[in-house]
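*Asks:* Before I ask anything, here is the structure I am working with.
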Amino acid sequence: MAAACVLRTWSRTAGRLICVRYFQTCGNIHVLKPNYVSFFGYPSFKYNHPHQLLNTTAALQGQIVQFKLSDIGEGIREVTVKEWYVKEGDTVSQFDSICEVQSDKASVTITSRYDGVIKKLYYNLDDIAYVGKPLVDIETEALKDSEEDVVETPAVSHDEHTHQEIKGQKTLATPAVRRLAMENNIKLSEVVGSGKDGRILKEDILSYLEKQTGAILPPSPKAESMPPPPKPKERTIPIPISKPPVFTGKDRTEPIKGFHKAMVKTMSAALKIPHFGYCDDVDLTELVKLREELKPIAFARGIKLSFMPFFLKAASLGLLQFPILNASVDENCQNITYKASHNIGIAMDTEQGLIVPNVKNIQVRSIFEIATELNRLQKLGSAGQLSTTDLTGGTFTLSNIGSIGGTYARPVILPPEVAIGALGKIKALPRFNEKGEVYKAQIMNVSWSADHRIIDGATMSHFSNLWKSYLENPAFMLLDLK
């Protein structure tokens, strides 16, 4: 689309105002000259060529832009339209949400890059949309007069027709906040809103930017003092909540989509890997005591401290000694790539299905830093707002099946990773100490799976023993922390 230039020449003579406009389109210049001009600043034009009037009308009404689905990345070529936030005839502004689509990795909310009117929707709900194909037609706003002598409207490439954020639902934020995020190259899906209904405020953007860059930013309102932790209540037996079964009398067939489609692909590849299994019991009695001592300190910092940060840090220390467990192999298993970063994934059960975000660079993070990142991932995961960055790049995985209630598991490796661990429920069981006395111990079962093509049983056993020693004697971790 060629650029359109509007040149205005103004001259004032004896109280009369003459306006001559030149429209240049596709290299042709049409000059619209008035045959006569009325007084009091209101010119009356008489046009000699009808096509010149049509050119002017088209420019004033705007133009239709095909808003295309750009490349989402990760090799994704198609997505499912889950929700439309607009309909034909709606007026949209820049950064307004257009629709939500779901790939086999994450949900994506597509936002508008233009101010205009929706003229056409190309897909219905649950239709498959393809990368590079139009999503909607948008009629952009008409050209407006400005105080400048020359106004240029540059052509926009097709690759820039979409502005998208990875998340699971419509993000609540004002246009000013969205513009601030765009100017600082911040994805709104990675910002946790503190406003009503999760609305992202200006202070949230500034706080996020300060954490990422360490920049000195305007002070934000002081956070309210956190109340003391509530006293533990008496344990109650949960009552299962279930809906009464409804017999429809008909079988139902539906296509596999979204995260389930990704699971089909990943698990099909995983089952080609010869798995080696290894299980052991871990006595977490000392770790339970340490966590209880640290919980008030973490709470004062606004951090919820679970056992998982200790499990992740202990695994990272073990991977430093056994780097082959933090490696990957190519499709034909001819080359091994040893990963420098320990990006350990943690399996989460969400309403959208099982997802595995990962904590990046655990080898350089403290226990509290790991806990902070876990809190962020868990909050975004429960809201369905995890980004593609959060969900990709993992090098090792721990699945906390014990949080649901299981004790034993047979975890399946997530290619191209080569090892995974499943953590069972912590139980109070009797054990004997060195003196032969019975004591109450906090026991957890761990189940490991390793790619037996490159990892032998002895390596998996040595790693598990080292990981176990760190957790049974938390003080030992201090010796290897860097």
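Chain labels A, B, ... are given in the sequence in which chains occur in the structure tokens; within each chain residues are numbered consecutively from 1, and ligands are likewise numbered from 1 in the order shown.
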What's around segment 269-277 of chain A at 6 Å? Count only C-alpha atoms, leave out sequence neighbours fewer than 5 positions away in its own chain, and write the answer as an NGL selection string.

*Replies:* :A and (448-452)

*Asks:* Would you write out those residues with C-alpha atoms, as a compact mmCIF listing (two decimals), in the first residue's frame?

*Replies:*
```txt
# COMPACT_ATOMS: atom_id res chain seq x y z
CA TRP A 448 13.06 -41.55 39.13
CA SER A 449 12.94 -42.33 35.41
CA ALA A 450 16.02 -41.99 33.19
CA ASP A 451 16.77 -42.46 29.51
CA HIS A 452 18.52 -45.83 29.61
```

*Asks:* I need the residues of segment 309-381 of chain A that end up classed as helix (DSSP H, G or I) by DSSP on the backbone, written out as a PyMOL selection string.

*Replies:* chain A and resi 309-321+323-326+362-364+367-381

*Asks:* Please produce, as a Markdown table, a per-residue contact table for segment 415-476 of chain A versus segment 393-405 of chain A (criterion: any atom at most 7 Å away, only C-alpha atoms considered), showing the nearest atom pair and its distance in Å to one decimal, sorted by chain then residue number.

*Replies:*
```
| residue | atom | partner | partner_atom | distance |
| --- | --- | --- | --- | --- |
| A:Glu417 | CA | A:Thr395 | CA | 5.7 |
| A:Ala419 | CA | A:Phe396 | CA | 6.2 |
| A:Ile420 | CA | A:Thr397 | CA | 4.9 |
| A:Gly421 | CA | A:Leu398 | CA | 4.7 |
| A:Ala422 | CA | A:Ser399 | CA | 4.6 |
| A:Leu423 | CA | A:Asn400 | CA | 4.8 |
| A:Gly424 | CA | A:Gly402 | CA | 4.0 |
| A:Lys425 | CA | A:Gly402 | CA | 3.8 |
```

*Asks:* From the list A:Asp204, A:Asp126, A:Glu369, A:Asp349, which residue is nearest Cys99 of chain A when using only C-alpha atoms?

*Replies:*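 Smallest separation from Cys99 of chain A among the options: A:Asp126.
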
*Asks:* Env of Thr389 of chain A: 10 Å cut, atoms = only C-alpha atoms, seq-sep filter 5 positions within chain, self excluded. Answer as a PyMOL selection string.

*Replies:* chain A and resi 166+190+357-358+360+394

*Asks:* Could you check which of A:Tyr123, A:Phe67, A:Gly406, A:Arg179 is closest to Gln94 of chain A, using only C-alpha atoms?

*Replies:*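 Ranked by minimum distance to Gln94 of chain A, first place goes to A:Arg179.
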